[in-house]
Protein chains: 2
Amino acid sequence: MESASTPRSRAREQTMRDIVRIGRQHLASDGAAALSLRAVARDLGLVSSAVYRYVASRDDLLTLLVVDGYDELGDAVDQALAGVEREDHVGRMAAIGRAVRAWGLAEPATYALLFGSPVPGYEAPAEQTTGPGTRVVVRLVEVWEDAWQAGRIGLDDSPLAPRRLTRDLARIRREMGLSAPDALLARGLFAWAALFGCVTWEVFGQYGTATLTDPADLFEQHLDALVEAVGLARA
Amino acid sequence: MESASTPRSRAREQTMRDIVRIGRQHLASDGAAALSLRAVARDLGLVSSAVYRYVASRDDLLTLLVVDGYDELGDAVDQALAGVEREDHVGRMAAIGRAVRAWGLAEPATYALLFGSPVPGYEAPAEQTTGPGTRVVVRLVEVWEDAWQAGRIGLDDSPLAPRRLTRDLARIRREMGLSAPDALLARGLFAWAALFGCVTWEVFGQYGTATLTDPADLFEQHLDALVEAVGLARA
DNA sequence: AAGAAAGCAAGAGCAGTGCTCTCATTCGTC
DNA sequence: GACGAATGAGAGCACTGCTCTTGCTTTCTT
C-alpha cells in the first residue's frame with residue numbers, strides 16, 4: 001500500500017517535492033548538464049548517499065524534472081486557452097503559441113531540457129514522459145480538428161500527400177479519432193515543429209546578429225505564418 | 001611568426017587536427033556533455049595535462065568543434081546548391097533545406113551542439129562562431145533576395161510589419177544590402193526558424209508517437225509549406 | 001658553436017562528480 | 001516490547017576539469 005498516508009509516507013512525499021524543487025532551482029541557475037545530485041543533497045541538508053533513497057540516479061532526477069516541466073507547460077497552455085472562445089480557432093492557436101513562447105522565455109533551462117539537445121546517455125523513459133509530453137500537440141490538433149469540422153480550413157490547392165505518408169496519417173487519424181484530411185495533418189505537423197522552432201530560436205538566442213528590439217512583434221508575424229500554414233485565415 | 005612552418009609548428013598543427021578529430025569522434029559517440037578532455041588525451045596517447053598546451057580548456061575544445069561543425073554544415077549546403085540553377089529559387093531553397101536535414105541526421109551530435117540547448121556555462125565566443133554560424137541563413141537570404149528581384153515573390157496580402165519590427169528590418173536590409181520588403185524579411189526569419197525547427201524535431205525524435213515510416217516524405221511536405229511561407233509558388 | 005629561450009610532456013595534486021557499500025539509528029507495525 | 005523496514009551518515013572507488021612543478025627537447029640568438 002503505497003498511498004497509506006502514514007506519517008512516514010507523507011514525510012517521504014515532502015522530501016520528494018523538496019528534491020524536485022531544489023533540482024528545478026539548480027536547473028534554472030546552472031543548467032541541466034551541471035545538475036549535481038550532491039549539490040541538491042547539500043541544499044537539502046542531507047548527505048549525497050541519502051538522496052539515493054529517494055532518487056535512483058541522476059537520470060532519474062532528470063526524468064522527474066522532465067515530467068514536471070511538461071506538466072507546467074501543459075498547464076500554462078491550458079490556462080491560456082481558458083480565456084478564448086471555442087469557435088475562435090485562430091485565437092486558440094495564437095494563444096497556444098504565445099503560451100509556449102512565454103513559458104519558454106520564462107523557464108529557459110527547463111525548456112532546454114525538454115526541447116533542446118537530449119542529455120547524452122539519458123533517454124527519457126517513454127512510459128512516464130509521453131503522456132505529459134504530448135499535451136501541447138494534442139491541444140493544437142484539437143483546434144485544427146474543430147476548425148476543419150467547422151469548415152474554416154482552406155487547403156484545397158494543397159498537393160496530395162505521398163503514399164507512405166498517407167498510410168501513417170491514416171493511422172494517426174484513426175488513433176486520435178480525427179476527420180481532418182491528410183493535407184491538414186501534414187500541415188499541422190509542420191506548424192507544430194515550426195512553432196517550437198521559432199520559440200527555440202528565440203529562447204536559445206539563435207537569431208544572433210538579428211538582435212531585435214521587440215521579439216514579440218516578430219513572433220506575432222510568425223503566428224500569422226503559422227495560422228496561414230494550416231489553412232486558417234487570420235481575422 | 002606563427003606561420004613559419006617550422007617542423008615544430010607543423011607538428012603542432014597536426015596535433016591540433018588530431019585533437020579536433022578525436023573530439024568529434026567522442027562527440028558523435030557520447031555527446032557533448034560527456035566530452036572529456038582526459039579521454040581525448042588518452043586516445044591521443046598523451047597525458048591530460050599535455051593537451052592543455054594546445055587547448056585552453058574544455059570550453060575551448062567545444063568552440064573548436066562548434067566552428068568545425070558550422071563549417072561542415074556550410075560546406076554541405078554550398079555543395080548542394082552547386083547543382084541547382086540560379087534561377088530555380090524554389091529548387092535552391094529546397095536544396096538548402098534537404099542539405100540541412102541530411103547533415104543533421106548524419107551528424108546528430110554535432111547538430112545538437114550547434115542548434116540544441118546551449119551547453120550550460122559555455123557561451124560560444126561570437127568572434128569565432130558568428131562567421132561560420134551564419135552561412136546557412138546567408139544562403140537562404142540570397143535565394144529570397146534573388147527571387148524578389150526576379151519578381152517571383154507574391155506576398156501582396158501580407159499585413160505590414162509593426163513599427164518597431166520595421167525599424168529592425170530596415171537595419172538588416174541596410175547591413176545586407178537587400179531590396180526585399182519587410183513582409184518578406186519577416187517571412188524569411190520565420191522560414192529560417194521553422195526549417196531548423198522541423199529538422200530539430202526529426203533529429204531529436206520529438207515526433208515521438210508519430211513514428212513515421214518515411215520521414216523524408218513528411219519533410220518534403222514541410223518544404224512545400226516553407227516555400228509557400230515566403231511567397232514562392234512551388235512548380 | 002655555445003648558451004638562452006621557448007615549447008613540450010609527464011606526474012602529482014586539488015576539488016568536484018556519480019554511485020555503492022556498510023553501519024547505526026529511527027520509525028511503524030505486529 | 002520486539003522485529004523489520006525505512007532512513008541517514010560516512011567511507012570509498014573511479015572518474016572529471018584544471019593547475020602546478022619538474023625535467024627534457026627543440027629552436028633561436030649571440
# chains A, B, ... in the order shown; residues from 1 in each chain; ligands from 1

call {"tool": "interface_residues", "arguments": {"of": "chain C", "to": "chain A", "cutoff": "9 Å", "atoms": "only C-alpha atoms (C1' of nucleotides)", "output": "list of chain:residue names"}}
result
C:DT17, C:DG18, C:DC19, C:DT20, C:DC27, C:DG28

call {"tool": "write_last_selection", "arguments": {"atoms": "N, CA and C atoms (P, O5', C5', C4', C3', O3' and C1' of nucleotides)", "output": "PDB file, in the first residue's frame"}}
result
ATOM      1  P    DT C  17      29.792  18.707  -6.629  1.00  0.00           P
ATOM      2  O5'  DT C  17      29.806  17.427  -7.590  1.00  0.00           O
ATOM      3  C5'  DT C  17      29.645  17.604  -8.998  1.00  0.00           C
ATOM      4  C4'  DT C  17      29.847  16.281  -9.711  1.00  0.00           C
ATOM      5  C3'  DT C  17      28.964  15.159  -9.215  1.00  0.00           C
ATOM      6  O3'  DT C  17      27.702  15.224  -9.872  1.00  0.00           O
ATOM      7  C1'  DT C  17      31.203  14.408  -9.618  1.00  0.00           C
ATOM      8  P    DG C  18      26.459  14.419  -9.277  1.00  0.00           P
ATOM      9  O5'  DG C  18      26.750  12.931  -9.761  1.00  0.00           O
ATOM     10  C5'  DG C  18      26.780  12.615 -11.139  1.00  0.00           C
ATOM     11  C4'  DG C  18      26.981  11.121 -11.317  1.00  0.00           C
ATOM     12  C3'  DG C  18      25.905  10.265 -10.656  1.00  0.00           C
ATOM     13  O3'  DG C  18      25.573   9.167 -11.490  1.00  0.00           O
ATOM     14  C1'  DG C  18      28.019   9.749  -9.723  1.00  0.00           C
ATOM     15  P    DC C  19      24.277   8.330 -11.110  1.00  0.00           P
ATOM     16  O5'  DC C  19      24.871   7.197 -10.161  1.00  0.00           O
ATOM     17  C5'  DC C  19      25.986   6.433 -10.604  1.00  0.00           C
ATOM     18  C4'  DC C  19      26.577   5.650  -9.454  1.00  0.00           C
ATOM     19  C3'  DC C  19      25.581   4.915  -8.554  1.00  0.00           C
ATOM     20  O3'  DC C  19      25.653   3.524  -8.844  1.00  0.00           O
ATOM     21  C1'  DC C  19      27.399   5.871  -7.340  1.00  0.00           C
ATOM     22  P    DT C  20      24.729   2.508  -8.050  1.00  0.00           P
ATOM     23  O5'  DT C  20      25.721   1.938  -6.945  1.00  0.00           O
ATOM     24  C5'  DT C  20      27.012   1.505  -7.326  1.00  0.00           C
ATOM     25  C4'  DT C  20      27.775   0.933  -6.129  1.00  0.00           C
ATOM     26  C3'  DT C  20      26.917   0.051  -5.222  1.00  0.00           C
ATOM     27  O3'  DT C  20      27.621  -1.134  -4.910  1.00  0.00           O
ATOM     28  C1'  DT C  20      27.957   1.757  -3.955  1.00  0.00           C
ATOM     29  P    DC C  27      12.020   9.077  15.085  1.00  0.00           P
ATOM     30  O5'  DC C  27      10.862   8.289  14.311  1.00  0.00           O
ATOM     31  C5'  DC C  27      10.896   8.260  12.892  1.00  0.00           C
ATOM     32  C4'  DC C  27      10.227   6.996  12.391  1.00  0.00           C
ATOM     33  C3'  DC C  27       8.831   6.741  12.965  1.00  0.00           C
ATOM     34  O3'  DC C  27       7.876   6.942  11.938  1.00  0.00           O
ATOM     35  C1'  DC C  27      10.168   4.744  12.856  1.00  0.00           C
ATOM     36  P    DG C  28       6.312   6.975  12.264  1.00  0.00           P
ATOM     37  O5'  DG C  28       5.894   5.479  11.879  1.00  0.00           O
ATOM     38  C5'  DG C  28       5.986   5.055  10.530  1.00  0.00           C
ATOM     39  C4'  DG C  28       5.563   3.612  10.404  1.00  0.00           C
ATOM     40  C3'  DG C  28       4.172   3.301  10.948  1.00  0.00           C
ATOM     41  O3'  DG C  28       3.473   2.487  10.022  1.00  0.00           O
ATOM     42  C1'  DG C  28       5.810   1.942  12.034  1.00  0.00           C
TER      43       DG C  28
END

call {"tool": "closest_atom_pairs", "arguments": {"of": "chain B", "to": "chain A", "cutoff": "7 Å", "atoms": "only C-alpha atoms", "output": "tab-separated table"}}
result
residue	atom	partner	partner_atom	distance
B:Asp30	CA	A:Pro120	CA	6.3
B:Gly31	CA	A:Pro120	CA	5.1
B:Ala33	CA	A:Ala33	CA	6.4
B:Ala34	CA	A:Pro120	CA	6.8
B:Ala112	CA	A:Ser117	CA	5.1
B:Gly116	CA	A:Ser117	CA	4.3
B:Ser117	CA	A:Gly116	CA	4.2
B:Pro120	CA	A:Gly31	CA	5.1
B:Pro162	CA	A:Asp217	CA	6.7
B:Arg164	CA	A:Asp214	CA	6.6
B:Leu165	CA	A:Asp217	CA	6.2
B:Asp168	CA	A:Leu212	CA	6.1
B:Ala186	CA	A:Gln221	CA	6.8
B:Phe190	CA	A:His222	CA	5.6
B:Ala193	CA	A:Cys198	CA	5.0
B:Ala194	CA	A:Ala194	CA	4.0
B:Leu195	CA	A:Ala194	CA	6.9
B:Phe196	CA	A:Gly197	CA	6.1
B:Gly197	CA	A:Gly197	CA	3.5
B:Cys198	CA	A:Ala193	CA	5.0
B:Trp201	CA	A:Ala193	CA	6.1
B:Phe204	CA	A:Ser117	CA	6.9
B:Leu212	CA	A:Asp168	CA	6.1
B:Thr213	CA	A:Arg164	CA	6.9
B:Asp214	CA	A:Leu165	CA	6.6
B:Asp217	CA	A:Leu165	CA	6.2
B:Leu218	CA	A:Leu165	CA	6.6
B:Gln221	CA	A:Ala186	CA	6.8
B:His222	CA	A:Phe190	CA	5.6
B:Ala225	CA	A:Ala229	CA	6.4
B:Ala229	CA	A:Ala225	CA	6.4

call {"tool": "atom_distance", "arguments": {"atom1": "atom CA of Leu62 of chain B", "atom2": "atom CA of Glu123 of chain B"}}
result
9.8 Å

call {"tool": "interface_residues", "arguments": {"of": "chain A", "to": "chain D", "cutoff": "8 Å", "atoms": "only C-alpha atoms (C1' of nucleotides)", "output": "ChimeraX atom specification"}}
result
/A:46-47,50,53

call {"tool": "atom_distance", "arguments": {"atom1": "atom CA of Tyr54 of chain B", "atom2": "atom CA of Ala106 of chain B"}}
result
28.5 Å

call {"tool": "atom_distance", "arguments": {"atom1": "atom CA of Gly151 of chain A", "atom2": "atom CA of Val100 of chain A"}}
result
26.5 Å

call {"tool": "residues_around", "arguments": {"residues": "Ala150 of chain A", "least_positions_apart": "3", "cutoff": "12 Å", "atoms": "only C-alpha atoms (C1' of nucleotides)", "output": "ChimeraX atom specification"}}
result
/A:86-89,143-147,153-154,179-180,232

call {"tool": "write_last_selection", "arguments": {"atoms": "N, CA, C and O atoms", "output": "mmCIF file, in the first residue's frame"}}
result
data_model
loop_
_atom_site.group_PDB
_atom_site.id
_atom_site.type_symbol
_atom_site.label_atom_id
_atom_site.label_comp_id
_atom_site.auth_asym_id
_atom_site.auth_seq_id
_atom_site.Cartn_x
_atom_site.Cartn_y
_atom_site.Cartn_z
ATOM 1 N N ARG A 86 -14.402 29.035 -27.886
ATOM 2 C CA ARG A 86 -14.148 27.761 -28.538
ATOM 3 C C ARG A 86 -14.199 27.891 -30.067
ATOM 4 O O ARG A 86 -13.536 27.161 -30.799
ATOM 5 N N GLU A 87 -14.999 28.810 -30.573
ATOM 6 C CA GLU A 87 -15.139 28.947 -32.023
ATOM 7 C C GLU A 87 -13.997 29.766 -32.630
ATOM 8 O O GLU A 87 -13.825 29.774 -33.842
ATOM 9 N N ASP A 88 -13.270 30.459 -31.793
ATOM 10 C CA ASP A 88 -12.184 31.321 -32.277
ATOM 11 C C ASP A 88 -10.927 30.476 -32.498
ATOM 12 O O ASP A 88 -10.004 30.477 -31.695
ATOM 13 N N HIS A 89 -10.901 29.773 -33.608
ATOM 14 C CA HIS A 89 -9.801 28.826 -33.845
ATOM 15 C C HIS A 89 -8.467 29.534 -33.964
ATOM 16 O O HIS A 89 -7.460 29.082 -33.433
ATOM 17 N N VAL A 143 -7.630 22.021 -31.956
ATOM 18 C CA VAL A 143 -8.008 23.260 -32.639
ATOM 19 C C VAL A 143 -8.217 23.010 -34.123
ATOM 20 O O VAL A 143 -9.218 23.419 -34.714
ATOM 21 N N TRP A 144 -7.261 22.319 -34.724
ATOM 22 C CA TRP A 144 -7.362 22.105 -36.173
ATOM 23 C C TRP A 144 -8.559 21.237 -36.514
ATOM 24 O O TRP A 144 -9.251 21.470 -37.496
ATOM 25 N N GLU A 145 -8.801 20.221 -35.699
ATOM 26 C CA GLU A 145 -9.942 19.348 -35.960
ATOM 27 C C GLU A 145 -11.260 20.134 -35.849
ATOM 28 O O GLU A 145 -12.133 20.014 -36.697
ATOM 29 N N ASP A 146 -11.331 20.966 -34.819
ATOM 30 C CA ASP A 146 -12.528 21.782 -34.667
ATOM 31 C C ASP A 146 -12.716 22.712 -35.866
ATOM 32 O O ASP A 146 -13.819 22.840 -36.408
ATOM 33 N N ALA A 147 -11.629 23.335 -36.251
ATOM 34 C CA ALA A 147 -11.706 24.272 -37.369
ATOM 35 C C ALA A 147 -12.097 23.546 -38.649
ATOM 36 O O ALA A 147 -12.860 24.066 -39.470
ATOM 37 N N ILE A 153 -11.216 25.659 -42.657
ATOM 38 C CA ILE A 153 -9.878 25.359 -43.180
ATOM 39 C C ILE A 153 -9.939 25.332 -44.699
ATOM 40 O O ILE A 153 -10.788 24.667 -45.288
ATOM 41 N N GLY A 154 -9.043 26.071 -45.315
ATOM 42 C CA GLY A 154 -8.977 26.074 -46.771
ATOM 43 C C GLY A 154 -7.610 25.612 -47.255
ATOM 44 O O GLY A 154 -6.645 26.351 -47.210
ATOM 45 N N SER A 179 -11.178 13.682 -38.214
ATOM 46 C CA SER A 179 -11.763 13.648 -39.545
ATOM 47 C C SER A 179 -10.998 14.537 -40.514
ATOM 48 O O SER A 179 -11.338 14.605 -41.689
ATOM 49 N N ALA A 180 -9.984 15.218 -40.042
ATOM 50 C CA ALA A 180 -9.205 16.115 -40.891
ATOM 51 C C ALA A 180 -8.457 15.313 -41.951
ATOM 52 O O ALA A 180 -8.035 14.190 -41.704
ATOM 53 N N LEU A 232 -5.799 28.362 -42.082
ATOM 54 C CA LEU A 232 -6.719 29.248 -41.379
ATOM 55 C C LEU A 232 -6.435 30.686 -41.808
ATOM 56 O O LEU A 232 -5.279 31.081 -41.949
#

call {"tool": "select_by_dssp", "arguments": {"residues": "segment 61-201 of chain B", "states": "alpha helix (DSSP H)", "output": "JSON, numbers by chain"}}
result
{"B": [61, 62, 63, 64, 65, 66, 67, 68, 69, 70, 71, 72, 73, 74, 75, 76, 77, 78, 79, 80, 81, 82, 89, 90, 91, 92, 93, 94, 95, 96, 97, 98, 99, 100, 101, 102, 103, 104, 105, 106, 108, 109, 110, 111, 112, 113, 114, 115, 126, 127, 128, 129, 130, 131, 132, 133, 135, 136, 137, 138, 139, 140, 141, 142, 143, 144, 145, 146, 147, 148, 149, 163, 164, 165, 166, 167, 168, 169, 170, 171, 172, 173, 174, 175, 176, 182, 183, 184, 185, 186, 187, 188, 189, 190, 191, 192, 193, 194, 195, 196, 197, 198, 199, 200, 201]}

call {"tool": "decode", "arguments": {"residues": "segment 127-143 of chain A", "atoms": "N, CA, C and O atoms", "output": "PDB file, in the first residue's frame"}}
result
ATOM      1  N   GLU A 127       7.302   5.684 -20.855  1.00  0.00           N
ATOM      2  CA  GLU A 127       6.067   5.428 -20.113  1.00  0.00           C
ATOM      3  C   GLU A 127       5.728   6.560 -19.166  1.00  0.00           C
ATOM      4  O   GLU A 127       4.576   6.752 -18.789  1.00  0.00           O
ATOM      5  N   GLN A 128       6.747   7.340 -18.773  1.00  0.00           N
ATOM      6  CA  GLN A 128       6.474   8.429 -17.840  1.00  0.00           C
ATOM      7  C   GLN A 128       6.329   9.775 -18.530  1.00  0.00           C
ATOM      8  O   GLN A 128       5.670  10.673 -18.005  1.00  0.00           O
ATOM      9  N   THR A 129       6.962   9.920 -19.679  1.00  0.00           N
ATOM     10  CA  THR A 129       7.049  11.258 -20.254  1.00  0.00           C
ATOM     11  C   THR A 129       6.123  11.467 -21.449  1.00  0.00           C
ATOM     12  O   THR A 129       5.777  12.603 -21.761  1.00  0.00           O
ATOM     13  N   THR A 130       5.708  10.399 -22.142  1.00  0.00           N
ATOM     14  CA  THR A 130       4.914  10.628 -23.351  1.00  0.00           C
ATOM     15  C   THR A 130       3.577  11.257 -23.013  1.00  0.00           C
ATOM     16  O   THR A 130       3.094  12.117 -23.747  1.00  0.00           O
ATOM     17  N   GLY A 131       2.987  10.859 -21.913  1.00  0.00           N
ATOM     18  CA  GLY A 131       1.702  11.435 -21.556  1.00  0.00           C
ATOM     19  C   GLY A 131       1.776  12.942 -21.421  1.00  0.00           C
ATOM     20  O   GLY A 131       1.190  13.668 -22.233  1.00  0.00           O
ATOM     21  N   PRO A 132       2.490  13.456 -20.432  1.00  0.00           N
ATOM     22  CA  PRO A 132       2.583  14.921 -20.292  1.00  0.00           C
ATOM     23  C   PRO A 132       3.255  15.579 -21.487  1.00  0.00           C
ATOM     24  O   PRO A 132       2.964  16.725 -21.806  1.00  0.00           O
ATOM     25  N   GLY A 133       4.115  14.833 -22.174  1.00  0.00           N
ATOM     26  CA  GLY A 133       4.864  15.433 -23.276  1.00  0.00           C
ATOM     27  C   GLY A 133       4.026  15.731 -24.496  1.00  0.00           C
ATOM     28  O   GLY A 133       4.450  16.490 -25.363  1.00  0.00           O
ATOM     29  N   THR A 134       2.847  15.148 -24.589  1.00  0.00           N
ATOM     30  CA  THR A 134       2.041  15.350 -25.794  1.00  0.00           C
ATOM     31  C   THR A 134       0.878  16.307 -25.562  1.00  0.00           C
ATOM     32  O   THR A 134       0.048  16.490 -26.445  1.00  0.00           O
ATOM     33  N   ARG A 135       0.842  16.918 -24.395  1.00  0.00           N
ATOM     34  CA  ARG A 135      -0.316  17.753 -24.090  1.00  0.00           C
ATOM     35  C   ARG A 135      -0.455  18.918 -25.064  1.00  0.00           C
ATOM     36  O   ARG A 135      -1.562  19.237 -25.514  1.00  0.00           O
ATOM     37  N   VAL A 136       0.664  19.555 -25.408  1.00  0.00           N
ATOM     38  CA  VAL A 136       0.587  20.739 -26.271  1.00  0.00           C
ATOM     39  C   VAL A 136       0.097  20.360 -27.652  1.00  0.00           C
ATOM     40  O   VAL A 136      -0.824  20.982 -28.203  1.00  0.00           O
ATOM     41  N   VAL A 137       0.707  19.329 -28.236  1.00  0.00           N
ATOM     42  CA  VAL A 137       0.321  18.969 -29.600  1.00  0.00           C
ATOM     43  C   VAL A 137      -1.112  18.463 -29.639  1.00  0.00           C
ATOM     44  O   VAL A 137      -1.836  18.687 -30.618  1.00  0.00           O
ATOM     45  N   VAL A 138      -1.553  17.833 -28.576  1.00  0.00           N
ATOM     46  CA  VAL A 138      -2.942  17.391 -28.543  1.00  0.00           C
ATOM     47  C   VAL A 138      -3.882  18.594 -28.586  1.00  0.00           C
ATOM     48  O   VAL A 138      -4.882  18.602 -29.304  1.00  0.00           O
ATOM     49  N   ARG A 139      -3.530  19.631 -27.842  1.00  0.00           N
ATOM     50  CA  ARG A 139      -4.356  20.843 -27.877  1.00  0.00           C
ATOM     51  C   ARG A 139      -4.367  21.464 -29.273  1.00  0.00           C
ATOM     52  O   ARG A 139      -5.407  21.929 -29.753  1.00  0.00           O
ATOM     53  N   LEU A 140      -3.214  21.457 -29.912  1.00  0.00           N
ATOM     54  CA  LEU A 140      -3.144  22.000 -31.269  1.00  0.00           C
ATOM     55  C   LEU A 140      -4.044  21.201 -32.215  1.00  0.00           C
ATOM     56  O   LEU A 140      -4.819  21.767 -32.994  1.00  0.00           O
ATOM     57  N   VAL A 141      -3.928  19.884 -32.122  1.00  0.00           N
ATOM     58  CA  VAL A 141      -4.728  19.041 -33.006  1.00  0.00           C
ATOM     59  C   VAL A 141      -6.209  19.277 -32.767  1.00  0.00           C
ATOM     60  O   VAL A 141      -7.006  19.312 -33.711  1.00  0.00           O
ATOM     61  N   GLU A 142      -6.581  19.468 -31.524  1.00  0.00           N
ATOM     62  CA  GLU A 142      -7.986  19.749 -31.226  1.00  0.00           C
ATOM     63  C   GLU A 142      -8.463  21.005 -31.960  1.00  0.00           C
ATOM     64  O   GLU A 142      -9.562  21.027 -32.522  1.00  0.00           O
ATOM     65  N   VAL A 143      -7.630  22.021 -31.956  1.00  0.00           N
ATOM     66  CA  VAL A 143      -8.008  23.260 -32.639  1.00  0.00           C
ATOM     67  C   VAL A 143      -8.217  23.010 -34.123  1.00  0.00           C
ATOM     68  O   VAL A 143      -9.218  23.419 -34.714  1.00  0.00           O
TER      69      VAL A 143
END
